[in-house]
>>> print(open('work_2.cif').read())   # mmCIF, C-alpha atoms
data_model
loop_
_atom_site.label_atom_id
_atom_site.label_comp_id
_atom_site.auth_asym_id
_atom_site.auth_seq_id
_atom_site.Cartn_x
_atom_site.Cartn_y
_atom_site.Cartn_z
CA MET A 7 134.69 79.72 120.15
CA ARG A 8 133.64 76.60 118.33
CA CYS A 9 130.51 76.74 116.23
CA TYR A 10 128.76 74.27 118.51
CA ASP A 11 129.48 76.43 121.57
CA VAL A 12 128.01 79.40 119.75
CA PHE A 13 124.96 77.31 119.00
CA ILE A 14 124.57 76.30 122.65
CA GLN A 15 124.99 79.90 123.75
CA ARG A 16 122.28 80.98 121.33
CA VAL A 17 119.89 78.33 122.58
CA GLU A 18 120.44 79.56 126.08
CA ASP A 19 120.10 83.23 125.13
CA ILE A 20 116.82 82.57 123.40
CA ARG A 21 115.47 80.52 126.28
CA ARG A 22 116.43 83.21 128.77
CA HIS A 23 114.90 86.04 126.76
CA MET A 24 111.75 84.08 126.00
CA TRP A 25 111.35 83.26 129.67
CA GLN A 26 111.59 86.95 130.53
CA LEU A 27 109.15 87.92 127.82
CA PHE A 28 106.70 85.38 129.12
CA SER A 29 106.74 87.08 132.52
CA SER A 30 104.76 89.97 131.04
CA LYS A 31 102.91 87.70 128.66
CA LYS A 32 99.45 89.20 128.82
CA GLN A 33 100.53 92.73 128.09
CA LEU A 34 102.90 91.67 125.37
CA GLN A 35 100.36 89.34 123.81
CA LYS A 36 97.87 92.14 123.42
CA GLN A 37 100.37 94.59 121.97
CA LEU A 38 101.80 92.19 119.46
CA ASP A 39 98.46 90.81 118.46
CA ASP A 40 97.00 94.27 117.95
CA ARG A 41 99.92 95.44 115.88
CA TRP A 42 100.18 92.30 113.82
CA GLN A 43 96.53 92.34 112.84
CA ARG A 44 96.49 96.07 112.16
CA LEU A 45 99.60 95.96 110.03
CA TYR A 46 98.25 92.96 108.18
CA ARG A 47 94.96 94.70 107.46
CA ILE A 48 96.73 97.72 105.98
CA ALA A 49 99.17 95.54 104.05
CA TYR A 50 96.29 93.55 102.61
CA SER A 51 94.41 96.71 101.66
CA TRP A 52 97.48 97.84 99.71
CA CYS A 53 98.24 94.63 97.84
CA HIS A 54 95.05 92.51 98.10
CA GLU A 55 97.14 89.35 98.22
CA PRO A 56 97.13 87.49 101.56
CA HIS A 57 100.54 85.81 101.19
CA LEU A 58 102.20 88.99 100.10
CA ALA A 59 100.55 90.97 102.89
CA SER A 60 101.76 88.42 105.42
CA ASP A 61 105.27 88.59 104.01
CA LEU A 62 105.18 92.38 104.15
CA VAL A 63 104.20 92.36 107.81
CA GLN A 64 106.90 89.84 108.69
CA GLU A 65 109.50 91.93 106.94
CA THR A 66 108.23 95.08 108.64
CA MET A 67 108.41 93.53 112.11
CA LEU A 68 111.88 92.17 111.53
CA LYS A 69 113.14 95.53 110.28
CA ALA A 70 111.45 97.33 113.15
CA LEU A 71 113.05 95.05 115.69
CA LYS A 72 116.41 95.28 114.01
CA ASN A 73 116.26 99.09 113.94
CA GLN A 74 114.50 99.62 117.24
CA HIS A 75 117.37 101.83 118.45
CA GLN A 76 116.33 104.36 115.78
CA LEU A 77 113.00 104.97 117.49
CA LYS A 78 113.62 107.98 119.71
CA ASP A 79 110.05 108.82 120.67
CA LYS A 80 108.09 105.81 121.91
CA GLN A 81 104.84 107.70 121.38
CA ALA A 82 105.60 107.65 117.68
CA PHE A 83 105.92 103.88 117.56
CA ASP A 84 102.91 103.21 115.33
CA PRO A 85 103.69 105.82 112.65
CA TRP A 86 107.28 104.60 112.68
CA LEU A 87 106.09 101.03 112.13
CA TYR A 88 103.87 102.06 109.20
CA ARG A 89 106.70 104.10 107.70
CA ILE A 90 108.85 100.97 107.71
CA MET A 91 106.05 99.02 106.08
CA ASN A 92 105.68 101.71 103.44
CA HIS A 93 109.39 101.40 102.65
CA CYS A 94 109.10 97.60 102.43
CA TRP A 95 106.14 98.01 100.08
CA ILE A 96 108.00 100.54 97.90
CA ASP A 97 110.95 98.15 97.72
CA PHE A 98 108.65 95.34 96.66
CA CYS A 99 106.95 97.44 93.99
CA ARG A 100 110.32 98.51 92.61
CA ALA A 101 111.60 94.96 92.56
CA GLN A 102 108.48 93.60 90.94
CA LYS A 103 109.24 92.74 87.37
CA THR A 104 106.24 90.62 86.60
CA ASN A 105 103.31 91.59 84.46
CA VAL A 106 100.91 90.16 86.99
CA SER A 107 98.75 92.89 88.41
CA LEU A 108 98.47 92.36 92.13
CA ASP A 109 95.14 94.09 92.03
CA GLU A 110 93.72 91.24 90.00
CA ILE A 111 94.72 88.57 92.44
CA THR A 112 92.37 86.70 94.74
CA LEU A 113 89.99 89.44 95.66
CA ALA A 114 87.46 86.76 96.36
CA ASP A 115 89.53 84.03 97.90
CA THR A 116 87.64 83.54 101.13
CA GLY A 117 85.74 80.67 99.59
CA VAL A 118 82.53 81.58 101.33
CA ALA A 119 79.18 81.73 99.61
CA ALA A 120 78.32 85.24 98.55
CA THR A 121 75.83 87.22 100.55
CA GLU A 122 74.73 90.78 100.16
CA GLN A 123 77.18 91.84 102.84
CA GLN A 124 79.99 89.99 101.11
CA ASP A 125 79.05 91.60 97.82
CA ILE A 126 79.58 94.96 99.44
CA VAL A 127 82.90 93.81 100.86
CA TYR A 128 84.09 92.55 97.47
CA SER A 129 82.82 95.67 95.72
CA VAL A 130 84.65 98.00 98.05
CA ARG A 131 87.86 95.97 97.89
CA ALA A 132 87.68 95.94 94.11
CA ALA A 133 87.05 99.68 94.02
CA VAL A 134 89.98 100.29 96.38
CA ALA A 135 92.19 98.05 94.24
CA GLN A 136 91.42 100.31 91.28
CA LEU A 137 92.69 103.40 93.07
CA PRO A 138 96.18 104.63 92.23
CA MET A 139 98.56 103.41 94.92
CA PRO A 140 99.25 106.82 96.54
CA GLN A 141 95.52 107.39 96.96
CA ARG A 142 95.00 103.81 98.15
CA GLN A 143 97.63 104.13 100.84
CA ILE A 144 96.17 107.38 102.13
CA ILE A 145 92.54 106.28 102.26
CA THR A 146 93.42 103.04 104.03
CA LEU A 147 95.59 104.71 106.66
CA ILE A 148 92.96 107.37 107.34
CA ASP A 149 89.84 105.20 107.24
CA LEU A 150 91.13 101.94 108.67
CA GLU A 151 93.70 103.24 111.13
CA GLU A 152 91.96 106.55 111.82
CA MET A 153 95.24 108.38 111.48
CA SER A 154 95.43 112.15 111.29
CA TYR A 155 96.51 113.85 108.08
CA GLN A 156 99.71 114.87 109.85
CA GLU A 157 100.52 111.27 110.80
CA VAL A 158 99.84 110.06 107.27
CA ALA A 159 102.03 112.82 105.85
CA SER A 160 104.79 111.72 108.19
CA ILE A 161 104.43 108.02 107.33
CA LEU A 162 104.37 108.50 103.59
CA GLU A 163 106.84 111.38 103.74
CA ILE A 164 104.71 113.78 101.73
CA PRO A 165 103.31 117.29 102.44
CA ILE A 166 100.06 117.46 104.39
CA GLY A 167 98.44 119.37 101.52
CA THR A 168 99.07 116.36 99.30
CA VAL A 169 97.33 114.14 101.84
CA MET A 170 94.30 116.45 101.75
CA SER A 171 94.04 116.52 97.99
CA ARG A 172 94.66 112.78 97.60
CA ILE A 173 92.09 111.72 100.19
CA SER A 174 89.56 113.88 98.42
CA ARG A 175 90.39 112.41 95.01
CA ALA A 176 90.40 108.89 96.46
CA ARG A 177 86.93 109.25 97.96
CA LYS A 178 85.57 110.84 94.80
CA ARG A 179 86.92 107.97 92.73
CA LEU A 180 85.77 105.35 95.20
CA LYS A 181 82.27 106.80 95.21
CA SER A 182 82.16 106.80 91.45
CA SER A 183 83.43 103.17 91.23
CA LEU A 184 80.88 101.97 93.75
CA GLN A 185 78.07 103.75 91.91
CA ALA A 186 79.17 102.06 88.67
CA ILE A 187 79.15 98.68 90.40
CA GLU A 188 75.71 99.40 91.80
CA GLN A 189 74.40 100.16 88.32
CA HIS A 190 76.00 97.07 86.70
CA PRO A 191 76.19 94.48 89.46
CA ASP A 192 76.44 91.44 87.14
CA GLN A 193 79.43 92.76 85.25
CA ALA A 194 81.09 93.85 88.44
CA SER A 195 80.46 90.50 90.08
CA SER A 196 82.39 88.60 87.43
CA ASN A 197 85.33 90.96 87.82
CA LEU A 198 85.25 90.74 91.57
CA ARG A 199 85.36 86.98 91.72
CA ARG A 200 88.21 86.57 89.34
CA VAL A 201 90.74 84.32 91.02
CA LYS A 202 94.17 84.03 89.60
CA MET B 10 73.31 128.40 98.02
CA SER B 11 75.46 130.33 95.54
CA ASP B 12 78.59 128.87 93.98
CA ASP B 13 80.71 131.11 96.18
CA ASP B 14 79.17 129.53 99.21
CA MET B 15 79.59 125.98 97.90
CA ILE B 16 81.26 123.76 100.45
CA SER B 17 83.95 121.67 98.78
CA ASP B 18 84.41 117.95 99.22
CA GLU B 19 87.84 118.72 100.67
CA LYS B 20 86.15 120.65 103.44
CA LEU B 21 83.66 117.85 104.08
CA ASN B 22 86.52 115.37 104.21
CA LEU B 23 88.25 117.51 106.82
CA LEU B 24 85.09 117.33 108.89
CA ILE B 25 84.69 113.58 108.44
CA ASP B 26 88.31 112.95 109.33
CA ASN B 27 88.12 115.17 112.40
CA GLU B 28 90.68 117.62 111.06
CA LEU B 29 88.75 120.84 111.74
CA HIS B 30 88.98 123.05 114.78
CA ILE B 31 85.93 122.91 117.00
CA GLU B 32 84.55 126.27 115.82
CA GLU B 33 84.87 125.42 112.14
CA LYS B 34 83.33 122.05 112.84
CA GLN B 35 80.30 123.59 114.54
CA GLN B 36 79.83 126.10 111.71
CA LEU B 37 79.97 123.42 109.07
CA LEU B 38 77.60 121.11 110.95
CA THR B 39 75.13 123.97 111.21
CA LEU B 40 75.30 124.49 107.45
CA ILE B 41 74.79 120.77 106.89
CA ARG B 42 71.68 120.76 109.07
CA GLN B 43 70.25 123.64 107.05
CA ASP B 44 71.04 122.32 103.58
CA PRO B 45 69.65 118.88 102.56
CA GLU B 46 71.85 118.72 99.47
CA LEU B 47 74.96 119.35 101.50
CA ALA B 48 73.74 116.85 104.09
CA ALA B 49 73.38 114.20 101.38
CA ARG B 50 76.93 114.80 100.13
CA TYR B 51 78.23 114.65 103.69
CA GLN B 52 76.34 111.43 104.33
CA GLN B 53 77.69 109.79 101.16
CA LEU B 54 81.26 110.56 102.15
CA ARG B 55 80.68 109.26 105.66
CA GLU B 56 79.23 106.05 104.26
CA LEU B 57 82.41 105.50 102.26
CA LYS B 58 84.37 105.49 105.49
CA ASP B 59 81.97 102.92 106.94
CA TYR B 60 82.24 100.80 103.80
CA MET B 61 86.02 100.85 104.09
CA LEU B 62 85.92 99.62 107.66
CA SER B 63 83.47 96.92 106.73
CA ALA B 64 85.48 95.78 103.69
CA TYR B 65 88.68 95.25 105.62
CA ALA B 66 87.29 94.16 108.98
CA GLU B 67 88.29 90.57 108.29
CA PRO B 68 90.85 90.35 105.51
CA PRO B 69 91.59 86.81 104.30
CA GLN B 70 94.51 85.28 106.17
CA ALA B 71 97.49 83.72 104.44
CA LEU B 72 98.69 81.74 107.40
CA ARG B 73 96.98 78.85 109.07
CA PHE B 74 97.33 77.58 112.60
CA SER B 75 98.15 73.91 112.87
CA ASN B 76 95.29 72.98 115.16
CA ARG B 77 92.59 75.19 113.82
CA GLN B 78 90.11 72.34 113.81
CA THR B 79 90.13 72.37 117.56
CA ILE B 80 90.50 76.07 118.08
CA SER B 81 88.00 78.70 117.04
CA ARG B 82 89.01 80.82 114.09
CA GLN B 83 89.34 83.93 116.19
CA THR B 84 91.37 82.24 118.88
CA SER B 85 93.45 80.60 116.24
CA ASN B 86 94.23 83.92 114.62
CA LEU B 87 95.05 85.50 117.96
CA ALA B 88 97.24 82.61 118.94
CA LEU B 89 98.97 82.62 115.60
CA ALA B 90 99.48 86.35 115.61
CA PHE B 91 100.84 86.27 119.13
CA SER B 92 103.00 83.27 118.55
CA VAL B 93 104.50 84.62 115.38
CA GLY B 94 105.01 88.07 116.84
CA PHE B 95 106.41 86.62 120.02
CA LEU B 96 108.67 84.29 118.16
CA VAL B 97 110.00 87.05 115.96
CA LEU B 98 110.44 89.37 118.91
CA GLY B 99 112.15 86.76 121.02
CA VAL B 100 114.47 85.74 118.26
CA ALA B 101 115.24 89.29 117.30
CA ILE B 102 115.95 90.33 120.84
CA GLY B 103 118.19 87.33 121.24
CA TRP B 104 119.95 88.26 118.05
CA PHE B 105 120.24 91.97 118.24
CA GLY B 106 121.43 91.80 121.80
CA ASN B 107 119.33 94.04 124.00
CA HIS B 108 121.69 94.27 126.94
CA SER B 109 119.04 95.60 129.29
CA PHE B 110 117.93 92.01 129.82
CA GLN B 111 119.63 90.47 132.82
CA PRO B 112 120.09 86.74 133.41
CA ILE B 113 117.36 85.17 135.48
CA ALA B 114 118.30 83.04 138.40
CA GLU B 115 115.59 80.47 137.64
CA THR B 116 117.01 79.84 134.20
CA PRO B 117 119.89 77.40 134.45
CA ILE B 118 123.00 78.18 132.45
CA TYR B 119 124.56 75.01 131.11
CA LYS B 120 128.01 74.42 129.78
CA ALA B 121 128.01 73.12 126.26
CA GLU B 122 128.55 69.45 127.12
CA GLU B 123 126.16 69.59 130.05
CA LEU B 124 123.39 71.16 128.00
CA HIS B 125 123.95 68.70 125.22
CA SER B 126 123.70 65.68 127.44
CA GLN B 127 120.78 66.92 129.53
CA GLN B 128 118.62 68.72 127.04
CA ILE B 129 119.76 69.07 123.49
CA SER B 130 120.34 65.34 123.14
CA LYS B 131 116.61 64.86 123.73
CA ASP B 132 115.48 67.66 121.47
CA ASN B 133 115.12 67.75 117.76
CA VAL B 134 116.21 71.04 116.26
CA LEU B 135 114.70 73.36 113.70
CA ILE B 136 117.13 75.86 112.20
CA HIS B 137 115.49 78.85 110.57
CA VAL B 138 117.30 80.60 107.73
CA SER B 139 115.76 83.88 106.55
CA SER B 140 118.65 85.59 104.81
CA MET B 141 121.40 84.86 102.33
CA LYS B 142 124.12 86.42 104.46
CA PRO B 143 127.05 84.00 104.17
CA GLU B 144 127.87 84.15 107.89
CA GLU B 145 124.29 83.23 108.83
CA VAL B 146 123.87 80.49 106.24
CA ASN B 147 127.29 78.96 106.90
CA SER B 148 126.65 79.08 110.62
CA ALA B 149 123.28 77.35 110.15
CA LEU B 150 124.71 74.59 107.96
CA GLN B 151 127.68 74.05 110.29
CA MET B 152 125.39 73.89 113.30
CA ALA B 153 123.22 71.30 111.61
CA GLU B 154 126.22 69.13 110.84
CA GLN B 155 127.71 69.41 114.31
CA ILE B 156 124.41 68.59 115.99
CA VAL B 157 123.94 65.35 114.09
CA GLN B 158 127.62 64.50 114.55
CA HIS B 159 127.12 64.77 118.32
CA ASN B 160 123.97 62.70 118.24
CA PRO B 161 123.04 60.77 115.13
CA LEU B 162 119.54 60.15 116.52
CA GLN B 163 118.60 63.81 116.56
CA GLN B 164 116.50 65.24 113.74
CA VAL B 165 117.57 68.57 112.31
CA GLU B 166 115.29 70.46 109.97
CA ILE B 167 116.50 73.54 108.14
CA VAL B 168 113.57 75.76 107.19
CA ALA B 169 114.18 78.60 104.75
CA ASN B 170 111.96 81.59 104.12
CA LEU B 171 112.16 85.27 103.06
CA GLU B 172 115.54 85.84 101.35
CA GLY B 173 116.83 82.63 102.88
CA LEU B 174 114.73 80.70 100.38
CA GLY B 175 117.62 81.31 97.98
CA ILE B 176 119.76 78.66 99.67
CA LEU B 177 117.34 75.96 98.53
CA GLN B 178 116.80 77.25 95.02
CA GLU B 179 118.33 75.80 91.92
CA ASN B 180 121.78 77.36 91.35
CA SER B 181 122.11 78.19 95.05
CA PRO B 182 125.70 78.98 96.03
CA TYR B 183 125.21 76.41 98.81
CA THR B 184 124.15 73.57 96.51
CA ASN B 185 127.26 71.45 97.11
CA LYS B 186 127.16 71.83 100.87
CA ILE B 187 123.43 71.03 101.03
CA GLN B 188 123.80 67.99 98.79
CA THR B 189 126.72 66.72 100.87
CA LEU B 190 124.77 67.13 104.10
CA ALA B 191 121.70 65.41 102.65
CA LYS B 192 123.83 62.56 101.33
CA ASN B 193 125.83 62.01 104.52
CA TYR B 194 123.11 62.50 107.11
CA ASN B 195 119.61 61.20 106.60
CA ASN B 196 118.46 63.01 109.74
CA ILE B 197 119.04 66.47 108.24
CA SER B 198 116.16 67.72 106.11
CA PHE B 199 115.56 70.93 104.20
CA LYS B 200 112.20 72.67 103.89
CA ALA B 201 111.27 75.65 101.73
CA CYS B 202 108.50 78.04 102.79
CA GLY B 203 105.55 77.96 100.39
CA VAL B 204 104.66 81.58 101.17
CA ALA B 205 108.19 82.78 100.39
CA LYS B 206 108.16 80.72 97.22
CA LYS B 207 104.94 82.29 96.04
CA VAL B 208 106.18 85.80 96.86
CA ALA B 209 109.46 85.11 95.05
CA GLN B 210 107.47 83.98 92.01
CA LEU B 211 105.45 87.20 92.14
CA LYS B 212 108.60 89.27 92.47
CA THR B 213 110.52 87.66 89.64
CA GLY B 214 107.70 86.47 87.41
CA LYS B 215 109.53 83.15 87.13
CA GLU B 216 108.82 79.73 88.52
CA ILE B 217 110.95 78.98 91.56
CA ILE B 218 112.71 75.64 91.23
CA LEU B 219 114.06 74.03 94.36
CA LEU B 220 117.00 71.70 94.84
CA PRO B 221 115.92 68.04 94.78
CA GLU B 222 117.03 67.75 98.41
CA ALA B 223 114.52 70.39 99.52
CA GLY B 224 110.92 69.69 100.44
CA ASP B 225 108.01 72.11 100.67
CA VAL B 226 106.04 73.30 103.67
CA PRO B 227 103.01 75.58 103.23
CA SER B 228 104.46 78.23 105.52
CA ALA B 229 107.74 78.47 107.43
CA LEU B 230 106.03 80.09 110.38
CA ASP B 231 103.40 77.37 110.55
CA GLN B 232 106.17 74.81 110.46
CA ILE B 233 108.12 76.56 113.22
CA LEU B 234 105.04 76.74 115.43
CA PHE B 235 104.23 73.11 114.70
CA ARG B 236 107.74 71.98 115.65
CA LEU B 237 107.86 74.16 118.77
CA LYS B 238 104.59 72.64 119.86
CA HIS B 239 106.15 69.21 119.58
CA GLY B 240 109.15 70.16 121.70
CA TRP B 241 111.69 70.96 119.05
CA VAL B 242 114.38 73.52 119.75
CA TYR B 243 114.20 76.58 117.54
CA ILE B 244 117.42 78.17 116.33
CA LYS B 245 117.71 81.20 114.10
CA GLY B 246 120.51 80.72 111.59
#
>>> encode(input="work_2.cif", output="structure tokens")
Amino acid sequence: MRCYDVFIQRVEDIRRHMWQLFSSKKQLQKQLDDRWQRLYRIAYSWCHEPHLASDLVQETMLKALKNQHQLKDKQAFDPWLYRIMNHCWIDFCRAQKTNVSLDEITLADTGVAATEQQDIVYSVRAAVAQLPMPQRQIITLIDLEEMSYQEVASILEIPIGTVMSRISRARKRLKSSLQAIEQHPDQASSNLRRVK
Amino acid sequence: MSDDDMISDEKLNLLIDNELHIEEKQQLLTLIRQDPELAARYQQLRELKDYMLSAYAEPPQALRFSNRQTISRQTSNLALAFSVGFLVLGVAIGWFGNHSFQPIAETPIYKAEELHSQQISKDNVLIHVSSMKPEEVNSALQMAEQIVQHNPLQQVEIVANLEGLGILQENSPYTNKIQTLAKNYNNISFKACGVAKKVAQLKTGKEIILLPEAGDVPSALDQILFRLKHGWVYIKG
């Protein structure tokens, strides 16, 4: 088949599939929107860099779609999706050869004037960014996604006992960081608004 | 309360995260009601959970919707999220061949020449390259050339992101082909995704230098949505 015929066939395939997907548009729209935003929120809480978080979600969705045949239990779709994202994130961290600390990047890049509420937001994000990555992943999955310890253990492929000890250490450390920020707000503020 | 009776933070976390059986939960809540110090510790840990939710309720977005001036931020984000997700899903399904989809009678199936004359000849084409797999890249570049050979008035834009950004980088293995296409056809253009470029810089710690034939767009997905909105045909390389 000539390349141009392949091209035409692909155009037609895409049009046909898109047309079919549009027939259940409302349901699909909600599912995709929910998952995209939720994945993005977790990705951002891990890396604190909007572009990287977006890239991570794109990669996760592409891998999920590519490997959808591997999902045996549809009830386990969400944990499966987060497990893929965890693998993408691990791959990125391994590949990263730069000295730039992602945790120092654009924690305050919303460009909005600071309010008390935003101070809290920045403080918490900064405190989370200071957590070791294994603790950060666990606290975000449990607190933001309300996942059970068992689900988190399955996503991160670690024993449930490790989840229990890490969530405890994470909260202890987070509490201590937030108390320090509360006691020295000026010093914390300059750190929080550092934009690379 | 003696040290032996001290309730650990681990135990309080189990309560907060709803990991205790109902009986244990009731027992612990009773203890908390009776002990102000324990209640304070419990409250502090609960507040952390609330702080977390508040801190990440609206994370800053990397992508922008083309018409956000006319669409509310929330709607814009929803539309963008849906569009991107939908686009990715549609493309992936098209690509990975889910055979459970049956042809729909309402969708006309054209022969190559027929489709070209009736539809493709009117449509400009965006070709999306997201990998460095030779078969995908070569197919994308060949398609671009054949499209403009069939109709010199058509615009073809090749947009590269993710790993596909590599085709537009300095020292790309496709440099010669890209330069030849750019030289021979002024209606083929090459665009590099700004997001992918920034991520590549973060990954390598080096500045990403593009071929002189390649232009920049802030985000490949924004560009795809923008072109789709203006009636362009989207093709995954």
>>> atom_distance(input="work_2.cif", atom1="CA of Ser139 (chain B)", atom2="CA of Trp52 (chain A)")
24.0 Å
>>> residues_around(input="work_2.cif", residues="Leu177 (chain B)", least_positions_apart="6", cutoff="9 Å", atoms="only C-alpha atoms", output="JSON, numbers by chain")
{"B": [169, 183, 184, 187, 199, 200, 201, 218, 219, 220, 221, 222, 223]}
>>> closest_residue(input="work_2.cif", among="B:Gln52, B:Val242, B:Gln163, B:Lys142", to="chain A", atoms="all atoms listed in the file")
B:Val242
>>> closest_residue(input="work_2.cif", among="A:Ile126, A:Cys99, A:Ala49, A:Ile90", to="Ala70 (chain A)", atoms="all atoms listed in the file")
A:Ile90
>>> resolve_selection(input="work_2.cif", expression="the PyMOL selection byres ((chain A and resi 86) around 12)", output="ChimeraX atom specification")
/A:45,66-67,69-71,73-85,87-93,157-163
>>> write_last_selection(input="work_2.cif", atoms="C-alpha atoms", output="PDB file, in the coordinates of the input")
ATOM      1  CA  LEU A  45      99.600  95.960 110.030  1.00  0.00           C
ATOM      2  CA  THR A  66     108.230  95.080 108.640  1.00  0.00           C
ATOM      3  CA  MET A  67     108.410  93.530 112.110  1.00  0.00           C
ATOM      4  CA  LYS A  69     113.140  95.530 110.280  1.00  0.00           C
ATOM      5  CA  ALA A  70     111.450  97.330 113.150  1.00  0.00           C
ATOM      6  CA  LEU A  71     113.050  95.050 115.690  1.00  0.00           C
ATOM      7  CA  ASN A  73     116.260  99.090 113.940  1.00  0.00           C
ATOM      8  CA  GLN A  74     114.500  99.620 117.240  1.00  0.00           C
ATOM      9  CA  HIS A  75     117.370 101.830 118.450  1.00  0.00           C
ATOM     10  CA  GLN A  76     116.330 104.360 115.780  1.00  0.00           C
ATOM     11  CA  LEU A  77     113.000 104.970 117.490  1.00  0.00           C
ATOM     12  CA  LYS A  78     113.620 107.980 119.710  1.00  0.00           C
ATOM     13  CA  ASP A  79     110.050 108.820 120.670  1.00  0.00           C
ATOM     14  CA  LYS A  80     108.090 105.810 121.910  1.00  0.00           C
ATOM     15  CA  GLN A  81     104.840 107.700 121.380  1.00  0.00           C
ATOM     16  CA  ALA A  82     105.600 107.650 117.680  1.00  0.00           C
ATOM     17  CA  PHE A  83     105.920 103.880 117.560  1.00  0.00           C
ATOM     18  CA  ASP A  84     102.910 103.210 115.330  1.00  0.00           C
ATOM     19  CA  PRO A  85     103.690 105.820 112.650  1.00  0.00           C
ATOM     20  CA  LEU A  87     106.090 101.030 112.130  1.00  0.00           C
ATOM     21  CA  TYR A  88     103.870 102.060 109.200  1.00  0.00           C
ATOM     22  CA  ARG A  89     106.700 104.100 107.700  1.00  0.00           C
ATOM     23  CA  ILE A  90     108.850 100.970 107.710  1.00  0.00           C
ATOM     24  CA  MET A  91     106.050  99.020 106.080  1.00  0.00           C
ATOM     25  CA  ASN A  92     105.680 101.710 103.440  1.00  0.00           C
ATOM     26  CA  HIS A  93     109.390 101.400 102.650  1.00  0.00           C
ATOM     27  CA  GLU A 157     100.520 111.270 110.800  1.00  0.00           C
ATOM     28  CA  VAL A 158      99.840 110.060 107.270  1.00  0.00           C
ATOM     29  CA  ALA A 159     102.030 112.820 105.850  1.00  0.00           C
ATOM     30  CA  SER A 160     104.790 111.720 108.190  1.00  0.00           C
ATOM     31  CA  ILE A 161     104.430 108.020 107.330  1.00  0.00           C
ATOM     32  CA  LEU A 162     104.370 108.500 103.590  1.00  0.00           C
ATOM     33  CA  GLU A 163     106.840 111.380 103.740  1.00  0.00           C
TER      34      GLU A 163
END
>>> closest_residue(input="work_2.cif", among="B:Lys245, B:His137, B:Lys186, B:His30", to="Gln151 (chain B)", atoms="only C-alpha atoms")
B:Lys186
>>> closest_residue(input="work_2.cif", among="B:Asp59, B:Glu33, B:Asp132, B:Asp225", to="chain A", atoms="only C-alpha atoms")
B:Asp59
>>> resolve_selection(input="work_2.cif", expression="the PyMOL selection byres ((chain A and resi 137-142) around 12)", output="VMD selection string")
(chain A and resid 48 to 54 92 95 to 96 99 108 to 109 130 to 136 143 to 150 158 to 159 162 to 164 168 to 184) or (chain B and resid 61)
>>> write_last_selection(input="work_2.cif", atoms="C-alpha atoms", output="mmCIF file, keeping the file's coordinate frame")
data_model
loop_
_atom_site.group_PDB
_atom_site.id
_atom_site.type_symbol
_atom_site.label_atom_id
_atom_site.label_comp_id
_atom_site.auth_asym_id
_atom_site.auth_seq_id
_atom_site.Cartn_x
_atom_site.Cartn_y
_atom_site.Cartn_z
ATOM 1 C CA ILE A 48 96.730 97.720 105.980
ATOM 2 C CA ALA A 49 99.170 95.540 104.050
ATOM 3 C CA TYR A 50 96.290 93.550 102.610
ATOM 4 C CA SER A 51 94.410 96.710 101.660
ATOM 5 C CA TRP A 52 97.480 97.840 99.710
ATOM 6 C CA CYS A 53 98.240 94.630 97.840
ATOM 7 C CA HIS A 54 95.050 92.510 98.100
ATOM 8 C CA ASN A 92 105.680 101.710 103.440
ATOM 9 C CA TRP A 95 106.140 98.010 100.080
ATOM 10 C CA ILE A 96 108.000 100.540 97.900
ATOM 11 C CA CYS A 99 106.950 97.440 93.990
ATOM 12 C CA LEU A 108 98.470 92.360 92.130
ATOM 13 C CA ASP A 109 95.140 94.090 92.030
ATOM 14 C CA VAL A 130 84.650 98.000 98.050
ATOM 15 C CA ARG A 131 87.860 95.970 97.890
ATOM 16 C CA ALA A 132 87.680 95.940 94.110
ATOM 17 C CA ALA A 133 87.050 99.680 94.020
ATOM 18 C CA VAL A 134 89.980 100.290 96.380
ATOM 19 C CA ALA A 135 92.190 98.050 94.240
ATOM 20 C CA GLN A 136 91.420 100.310 91.280
ATOM 21 C CA GLN A 143 97.630 104.130 100.840
ATOM 22 C CA ILE A 144 96.170 107.380 102.130
ATOM 23 C CA ILE A 145 92.540 106.280 102.260
ATOM 24 C CA THR A 146 93.420 103.040 104.030
ATOM 25 C CA LEU A 147 95.590 104.710 106.660
ATOM 26 C CA ILE A 148 92.960 107.370 107.340
ATOM 27 C CA ASP A 149 89.840 105.200 107.240
ATOM 28 C CA LEU A 150 91.130 101.940 108.670
ATOM 29 C CA VAL A 158 99.840 110.060 107.270
ATOM 30 C CA ALA A 159 102.030 112.820 105.850
ATOM 31 C CA LEU A 162 104.370 108.500 103.590
ATOM 32 C CA GLU A 163 106.840 111.380 103.740
ATOM 33 C CA ILE A 164 104.710 113.780 101.730
ATOM 34 C CA THR A 168 99.070 116.360 99.300
ATOM 35 C CA VAL A 169 97.330 114.140 101.840
ATOM 36 C CA MET A 170 94.300 116.450 101.750
ATOM 37 C CA SER A 171 94.040 116.520 97.990
ATOM 38 C CA ARG A 172 94.660 112.780 97.600
ATOM 39 C CA ILE A 173 92.090 111.720 100.190
ATOM 40 C CA SER A 174 89.560 113.880 98.420
ATOM 41 C CA ARG A 175 90.390 112.410 95.010
ATOM 42 C CA ALA A 176 90.400 108.890 96.460
ATOM 43 C CA ARG A 177 86.930 109.250 97.960
ATOM 44 C CA LYS A 178 85.570 110.840 94.800
ATOM 45 C CA ARG A 179 86.920 107.970 92.730
ATOM 46 C CA LEU A 180 85.770 105.350 95.200
ATOM 47 C CA LYS A 181 82.270 106.800 95.210
ATOM 48 C CA SER A 182 82.160 106.800 91.450
ATOM 49 C CA SER A 183 83.430 103.170 91.230
ATOM 50 C CA LEU A 184 80.880 101.970 93.750
ATOM 51 C CA MET B 61 86.020 100.850 104.090
#
>>> closest_residue(input="work_2.cif", among="B:Tyr243, B:Phe235, B:Tyr51, B:Tyr194", to="chain A", atoms="all atoms listed in the file")
B:Tyr243
